[in-house]
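Shown below: upload.cif, with mmCIF, C-alpha atoms.
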data_input
#
loop_
_atom_site.group_PDB
_atom_site.id
_atom_site.type_symbol
_atom_site.label_atom_id
_atom_site.label_comp_id
_atom_site.auth_asym_id
_atom_site.auth_seq_id
_atom_site.Cartn_x
_atom_site.Cartn_y
_atom_site.Cartn_z
ATOM 1 C CA MET D 2 96.863 89.968 101.401
ATOM 2 C CA ASN D 3 95.338 86.611 102.259
ATOM 3 C CA VAL D 4 94.262 86.513 105.927
ATOM 4 C CA THR D 5 93.400 83.099 107.376
ATOM 5 C CA PHE D 6 92.091 82.672 110.905
ATOM 6 C CA GLU D 7 93.469 79.398 112.243
ATOM 7 C CA HIS D 8 92.165 79.388 115.796
ATOM 8 C CA THR D 9 89.684 81.081 118.081
ATOM 9 C CA THR D 10 90.636 84.133 120.118
ATOM 10 C CA VAL D 11 90.180 84.146 123.890
ATOM 11 C CA VAL D 12 88.318 87.382 124.633
ATOM 12 C CA TYR D 13 89.188 88.070 128.276
ATOM 13 C CA ASP D 14 89.153 91.862 127.826
ATOM 14 C CA ASP D 15 86.611 94.043 126.010
ATOM 15 C CA LYS D 16 89.381 95.663 123.921
ATOM 16 C CA ILE D 17 90.677 92.422 122.364
ATOM 17 C CA ALA D 18 88.067 92.194 119.596
ATOM 18 C CA GLU D 19 88.453 95.881 118.737
ATOM 19 C CA VAL D 20 92.244 95.627 118.556
ATOM 20 C CA LEU D 21 92.187 92.447 116.468
ATOM 21 C CA ILE D 22 89.607 93.716 113.966
ATOM 22 C CA GLY D 23 91.523 96.980 113.603
ATOM 23 C CA PHE D 24 94.675 94.960 112.955
ATOM 24 C CA VAL D 25 92.989 92.893 110.242
ATOM 25 C CA ASN D 26 91.578 96.050 108.631
ATOM 26 C CA HIS D 27 95.107 97.466 108.426
ATOM 27 C CA ILE D 28 96.430 94.247 106.924
ATOM 28 C CA LEU D 29 93.792 94.266 104.202
ATOM 29 C CA ILE D 30 94.935 97.716 103.051
ATOM 30 C CA ALA D 31 98.457 96.439 102.311
ATOM 31 C CA TYR D 32 99.312 95.621 98.698
ATOM 32 C CA ASN D 33 102.810 94.174 99.228
ATOM 33 C CA GLU D 34 105.161 93.004 101.980
ATOM 34 C CA GLU D 35 106.793 96.401 102.481
ATOM 35 C CA THR D 36 103.447 98.133 102.970
ATOM 36 C CA LEU D 37 102.295 95.346 105.282
ATOM 37 C CA ARG D 38 105.346 95.711 107.514
ATOM 38 C CA ARG D 39 104.913 99.484 107.680
ATOM 39 C CA LEU D 40 101.183 99.274 108.468
ATOM 40 C CA VAL D 41 101.709 96.610 111.142
ATOM 41 C CA ALA D 42 104.505 98.589 112.814
ATOM 42 C CA ASP D 43 102.366 101.726 112.807
ATOM 43 C CA TYR D 44 99.288 99.939 114.154
ATOM 44 C CA THR D 45 101.145 98.171 116.944
ATOM 45 C CA GLU D 46 102.740 101.449 118.063
ATOM 46 C CA ARG D 47 99.406 103.295 118.205
ATOM 47 C CA THR D 48 97.277 100.624 119.889
ATOM 48 C CA ALA D 49 97.309 98.089 122.716
ATOM 49 C CA PHE D 50 98.069 95.275 120.252
ATOM 50 C CA ASP D 51 101.268 94.240 122.068
ATOM 51 C CA LYS D 52 99.323 93.908 125.315
ATOM 52 C CA TYR D 53 97.309 90.993 123.913
ATOM 53 C CA PHE D 54 99.200 89.573 120.941
ATOM 54 C CA VAL D 55 102.620 88.774 119.500
ATOM 55 C CA TYR D 56 103.500 88.614 115.824
ATOM 56 C CA GLY D 57 106.369 87.717 113.581
ATOM 57 C CA TYR D 58 107.336 87.222 109.974
ATOM 58 C CA GLY D 59 108.304 84.174 107.977
ATOM 59 C CA ARG D 60 109.691 84.133 104.455
ATOM 60 C CA ASN D 61 106.295 84.791 102.881
ATOM 61 C CA HIS D 62 103.888 85.298 105.763
ATOM 62 C CA LEU D 63 102.994 87.159 108.953
ATOM 63 C CA TRP D 64 101.712 85.201 111.947
ATOM 64 C CA VAL D 65 99.868 86.318 115.092
ATOM 65 C CA SER D 66 99.530 84.483 118.423
ATOM 66 C CA GLN D 67 97.717 85.525 121.585
ATOM 67 C CA LYS D 68 99.348 86.158 124.941
ATOM 68 C CA LYS D 69 98.075 84.220 127.946
ATOM 69 C CA ILE D 70 96.007 86.105 130.515
ATOM 70 C CA THR D 71 97.688 84.255 133.394
ATOM 71 C CA ASP D 72 101.192 85.173 132.241
ATOM 72 C CA PRO D 73 101.499 87.815 129.487
ATOM 73 C CA GLU D 74 105.115 86.765 128.956
ATOM 74 C CA LYS D 75 103.810 83.470 127.525
ATOM 75 C CA VAL D 76 101.728 82.812 124.425
ATOM 76 C CA PHE D 77 99.335 80.042 123.454
ATOM 77 C CA ASN D 78 100.928 77.217 121.442
ATOM 78 C CA TYR D 79 98.964 78.037 118.309
ATOM 79 C CA ARG D 80 98.597 80.872 115.840
ATOM 80 C CA ILE D 81 95.402 82.877 115.735
ATOM 81 C CA LEU D 82 95.945 83.966 112.180
ATOM 82 C CA ILE D 83 98.383 83.910 109.307
ATOM 83 C CA VAL D 84 98.736 86.416 106.478
ATOM 84 C CA LYS D 85 100.345 85.227 103.255
ATOM 85 C CA PHE D 86 101.974 87.754 100.987
#
Would you mind writing the file's structure down as C-alpha coordinates?
Amino acid sequence: MNVTFEHTTVVYDDKIAEVLIGFVNHILIAYNEETLRRLVADYTERTAFDKYFVYGYGRNHLWVSQKKITDPEKVFNYRILIVKF
(Lines of atoms letter the chains of each structure in order from A and count residues from 1; the text may use other names and numbers.)
(Lines give C-alpha, C1' and ligand atoms only; values in the text may rest on other atoms or scores of the structure.)
Protein backbone atom coordinates (compact mmCIF):
# COMPACT_ATOMS: atom_id res chain seq x y z
CA MET A 1 0.00 0.00 0.00
CA ASN A 2 1.14 3.52 -0.79
CA VAL A 3 0.23 5.91 2.06
CA THR A 4 0.51 9.64 1.33
CA PHE A 5 -0.11 12.27 3.99
CA GLU A 6 -1.71 15.25 2.28
CA HIS A 7 -2.37 17.57 5.20
CA THR A 8 -1.52 18.12 8.84
CA THR A 9 -3.61 16.59 11.61
CA VAL A 10 -5.12 18.79 14.32
CA VAL A 11 -4.14 17.11 17.59
CA TYR A 12 -6.78 18.37 20.03
CA ASP A 13 -6.82 15.13 22.04
CA ASP A 14 -3.90 13.03 23.29
CA LYS A 15 -5.35 9.89 21.66
CA ILE A 16 -5.43 11.26 18.09
CA ALA A 17 -1.77 10.57 17.28
CA GLU A 18 -1.96 7.07 18.77
CA VAL A 19 -5.11 6.21 16.82
CA LEU A 20 -3.76 7.59 13.54
CA ILE A 21 -0.38 5.84 13.79
CA GLY A 22 -2.11 2.57 14.68
CA PHE A 23 -4.33 3.02 11.63
CA VAL A 24 -1.35 3.57 9.33
CA ASN A 25 0.43 0.53 10.80
CA HIS A 26 -2.62 -1.59 9.96
CA ILE A 27 -2.75 -0.21 6.44
CA LEU A 28 0.89 -1.07 5.81
CA ILE A 29 0.22 -4.73 6.63
CA ALA A 30 -2.34 -5.02 3.81
CA TYR A 31 -1.19 -6.60 0.55
CA ASN A 32 -4.35 -6.04 -1.53
CA GLU A 33 -7.67 -4.18 -1.46
CA GLU A 34 -9.59 -7.00 0.21
CA THR A 35 -7.10 -7.26 3.06
CA LEU A 36 -7.05 -3.48 3.42
CA ARG A 37 -10.83 -3.30 3.76
CA ARG A 38 -10.84 -6.08 6.35
CA LEU A 39 -8.01 -4.54 8.39
CA VAL A 40 -9.60 -1.07 8.32
CA ALA A 41 -13.00 -2.42 9.38
CA ASP A 42 -11.41 -4.37 12.22
CA TYR A 43 -9.30 -1.43 13.40
CA THR A 44 -12.16 1.05 13.35
CA GLU A 45 -14.35 -1.32 15.37
CA ARG A 46 -11.70 -1.86 18.06
CA THR A 47 -10.51 1.72 18.50
CA ALA A 48 -11.76 5.29 18.82
CA PHE A 49 -10.95 5.96 15.15
CA ASP A 50 -14.54 6.98 14.31
CA LYS A 51 -14.47 9.54 17.12
CA TYR A 52 -11.80 11.58 15.32
CA PHE A 53 -11.82 10.58 11.65
CA VAL A 54 -13.97 9.55 8.70
CA TYR A 55 -12.87 7.41 5.78
CA GLY A 56 -14.13 6.15 2.49
CA TYR A 57 -13.11 4.29 -0.63
CA GLY A 58 -12.70 5.35 -4.22
CA ARG A 59 -12.11 3.08 -7.19
CA ASN A 60 -8.45 2.54 -6.33
CA HIS A 61 -7.87 4.35 -3.05
CA LEU A 62 -8.86 4.87 0.58
CA TRP A 63 -9.11 8.41 1.95
CA VAL A 64 -9.19 9.74 5.52
CA SER A 65 -10.43 13.13 6.76
CA GLN A 66 -10.55 14.52 10.29
CA LYS A 67 -13.69 15.47 12.17
CA LYS A 68 -13.96 18.99 13.55
CA ILE A 69 -13.62 19.45 17.30
CA THR A 70 -16.37 22.09 17.34
CA ASP A 71 -18.88 19.84 15.59
CA PRO A 72 -17.96 16.14 15.23
CA GLU A 73 -20.72 15.76 12.64
CA LYS A 74 -18.62 17.91 10.28
CA VAL A 75 -15.22 17.23 8.75
CA PHE A 76 -12.45 19.49 7.49
CA ASN A 77 -12.58 20.21 3.74
CA TYR A 78 -9.38 18.31 3.04
CA ARG A 79 -8.05 14.79 3.28
CA ILE A 80 -5.40 13.95 5.84
CA LEU A 81 -4.17 10.97 3.91
CA ILE A 82 -4.81 8.81 0.89
CA VAL A 83 -3.89 5.16 0.38
CA LYS A 84 -3.56 3.91 -3.18
CA PHE A 85 -4.01 0.23 -3.88
Exercise. On this file, the PyMOL selection byres ((chain D and resi 28-42) around 10) gives some set of residues; write that set as an MDAnalysis selection string.
Key: chainID D and resid 2:4 22:27 43:47 50 56 58 61:63 84:86
Could you list, as a PDB file with C-alpha atoms, in the coordinates of the input, every residue within 12 Å of segment 66-70 of chain D, counting all atoms listed in the file and ignoring same-chain residues fewer than 5 positions away?
ATOM      1  CA  PHE D   6      92.091  82.672 110.905  1.00  0.00           C
ATOM      2  CA  GLU D   7      93.469  79.398 112.243  1.00  0.00           C
ATOM      3  CA  HIS D   8      92.165  79.388 115.796  1.00  0.00           C
ATOM      4  CA  THR D   9      89.684  81.081 118.081  1.00  0.00           C
ATOM      5  CA  THR D  10      90.636  84.133 120.118  1.00  0.00           C
ATOM      6  CA  VAL D  11      90.180  84.146 123.890  1.00  0.00           C
ATOM      7  CA  VAL D  12      88.318  87.382 124.633  1.00  0.00           C
ATOM      8  CA  TYR D  13      89.188  88.070 128.276  1.00  0.00           C
ATOM      9  CA  ASP D  14      89.153  91.862 127.826  1.00  0.00           C
ATOM     10  CA  ILE D  17      90.677  92.422 122.364  1.00  0.00           C
ATOM     11  CA  ALA D  18      88.067  92.194 119.596  1.00  0.00           C
ATOM     12  CA  VAL D  20      92.244  95.627 118.556  1.00  0.00           C
ATOM     13  CA  LEU D  21      92.187  92.447 116.468  1.00  0.00           C
ATOM     14  CA  PHE D  50      98.069  95.275 120.252  1.00  0.00           C
ATOM     15  CA  ASP D  51     101.268  94.240 122.068  1.00  0.00           C
ATOM     16  CA  LYS D  52      99.323  93.908 125.315  1.00  0.00           C
ATOM     17  CA  TYR D  53      97.309  90.993 123.913  1.00  0.00           C
ATOM     18  CA  PHE D  54      99.200  89.573 120.941  1.00  0.00           C
ATOM     19  CA  VAL D  55     102.620  88.774 119.500  1.00  0.00           C
ATOM     20  CA  TYR D  56     103.500  88.614 115.824  1.00  0.00           C
ATOM     21  CA  GLY D  57     106.369  87.717 113.581  1.00  0.00           C
ATOM     22  CA  TYR D  58     107.336  87.222 109.974  1.00  0.00           C
ATOM     23  CA  LYS D  75     103.810  83.470 127.525  1.00  0.00           C
ATOM     24  CA  VAL D  76     101.728  82.812 124.425  1.00  0.00           C
ATOM     25  CA  PHE D  77      99.335  80.042 123.454  1.00  0.00           C
ATOM     26  CA  ASN D  78     100.928  77.217 121.442  1.00  0.00           C
ATOM     27  CA  TYR D  79      98.964  78.037 118.309  1.00  0.00           C
ATOM     28  CA  ARG D  80      98.597  80.872 115.840  1.00  0.00           C
ATOM     29  CA  ILE D  81      95.402  82.877 115.735  1.00  0.00           C
ATOM     30  CA  LEU D  82      95.945  83.966 112.180  1.00  0.00           C
ATOM     31  CA  ILE D  83      98.383  83.910 109.307  1.00  0.00           C
TER      32      ILE D  83
END
Calculate, to one decimal in Å, the centre and edge lengths of the box along x, y and z of the file that holds all listed atoms of segment 26-42 of chain D with 6 Å of margin on each side, and present them as AutoDock Vina command-line options.
--center_x 99.2 --center_y 96.2 --center_z 105.8 --size_x 27.2 --size_y 18.5 --size_z 26.1
Atom completion result for segment 46-69 of chain D (N, CA and C atoms) as a CSV table (one decimal), in the frame of the given file:
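Final output, rebuild04.csv:
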chain,number,residue,atom,x,y,z
D,46,GLU,N,102.3,100.3,117.3
D,46,GLU,CA,102.7,101.4,118.1
D,46,GLU,C,101.6,102.3,118.6
D,47,ARG,N,100.5,102.4,117.8
D,47,ARG,CA,99.4,103.3,118.2
D,47,ARG,C,98.3,102.6,119.0
D,48,THR,N,98.4,101.3,119.2
D,48,THR,CA,97.3,100.6,119.9
D,48,THR,C,97.8,99.7,121.0
D,49,ALA,N,96.9,99.0,121.7
D,49,ALA,CA,97.3,98.1,122.7
D,49,ALA,C,97.6,96.7,122.2
D,50,PHE,N,97.9,96.6,120.9
D,50,PHE,CA,98.1,95.3,120.3
D,50,PHE,C,99.1,94.4,121.0
D,51,ASP,N,100.2,95.0,121.4
D,51,ASP,CA,101.3,94.2,122.1
D,51,ASP,C,100.9,93.8,123.5
D,52,LYS,N,99.8,94.3,124.0
D,52,LYS,CA,99.3,93.9,125.3
D,52,LYS,C,98.7,92.5,125.2
D,53,TYR,N,98.1,92.2,124.1
D,53,TYR,CA,97.3,91.0,123.9
D,53,TYR,C,97.9,90.0,123.0
D,54,PHE,N,98.7,90.4,122.0
D,54,PHE,CA,99.2,89.6,120.9
D,54,PHE,C,100.7,89.7,120.7
D,55,VAL,N,101.3,88.7,120.0
D,55,VAL,CA,102.6,88.8,119.5
D,55,VAL,C,102.5,88.4,118.0
D,56,TYR,N,103.5,88.9,117.3
D,56,TYR,CA,103.5,88.6,115.8
D,56,TYR,C,104.9,88.5,115.3
D,57,GLY,N,105.1,87.9,114.2
D,57,GLY,CA,106.4,87.7,113.6
D,57,GLY,C,106.2,87.4,112.1
D,58,TYR,N,107.3,87.4,111.4
D,58,TYR,CA,107.3,87.2,110.0
D,58,TYR,C,108.1,86.0,109.6
D,59,GLY,N,107.6,85.3,108.6
D,59,GLY,CA,108.3,84.2,108.0
D,59,GLY,C,108.7,84.7,106.6
D,60,ARG,N,109.2,83.7,105.8
D,60,ARG,CA,109.7,84.1,104.5
D,60,ARG,C,108.6,84.8,103.6
D,61,ASN,N,107.4,84.3,103.7
D,61,ASN,CA,106.3,84.8,102.9
D,61,ASN,C,105.0,84.9,103.7
D,62,HIS,N,105.1,85.2,105.0
D,62,HIS,CA,103.9,85.3,105.8
D,62,HIS,C,104.1,86.1,107.0
D,63,LEU,N,103.0,86.5,107.6
D,63,LEU,CA,103.0,87.2,109.0
D,63,LEU,C,102.1,86.3,109.8
D,64,TRP,N,102.5,86.0,111.0
D,64,TRP,CA,101.7,85.2,111.9
D,64,TRP,C,101.4,86.0,113.2
D,65,VAL,N,100.3,85.7,113.9
D,65,VAL,CA,99.9,86.3,115.1
D,65,VAL,C,99.5,85.2,116.1
D,66,SER,N,99.9,85.4,117.3
D,66,SER,CA,99.5,84.5,118.4
D,66,SER,C,99.1,85.4,119.6
D,67,GLN,N,98.3,84.8,120.5
D,67,GLN,CA,97.7,85.5,121.6
D,67,GLN,C,98.5,85.3,122.9
D,68,LYS,N,98.7,86.3,123.6
D,68,LYS,CA,99.3,86.2,124.9
D,68,LYS,C,98.4,85.5,125.9
D,69,LYS,N,98.9,84.8,126.9
D,69,LYS,CA,98.1,84.2,127.9
D,69,LYS,C,97.7,85.3,129.0
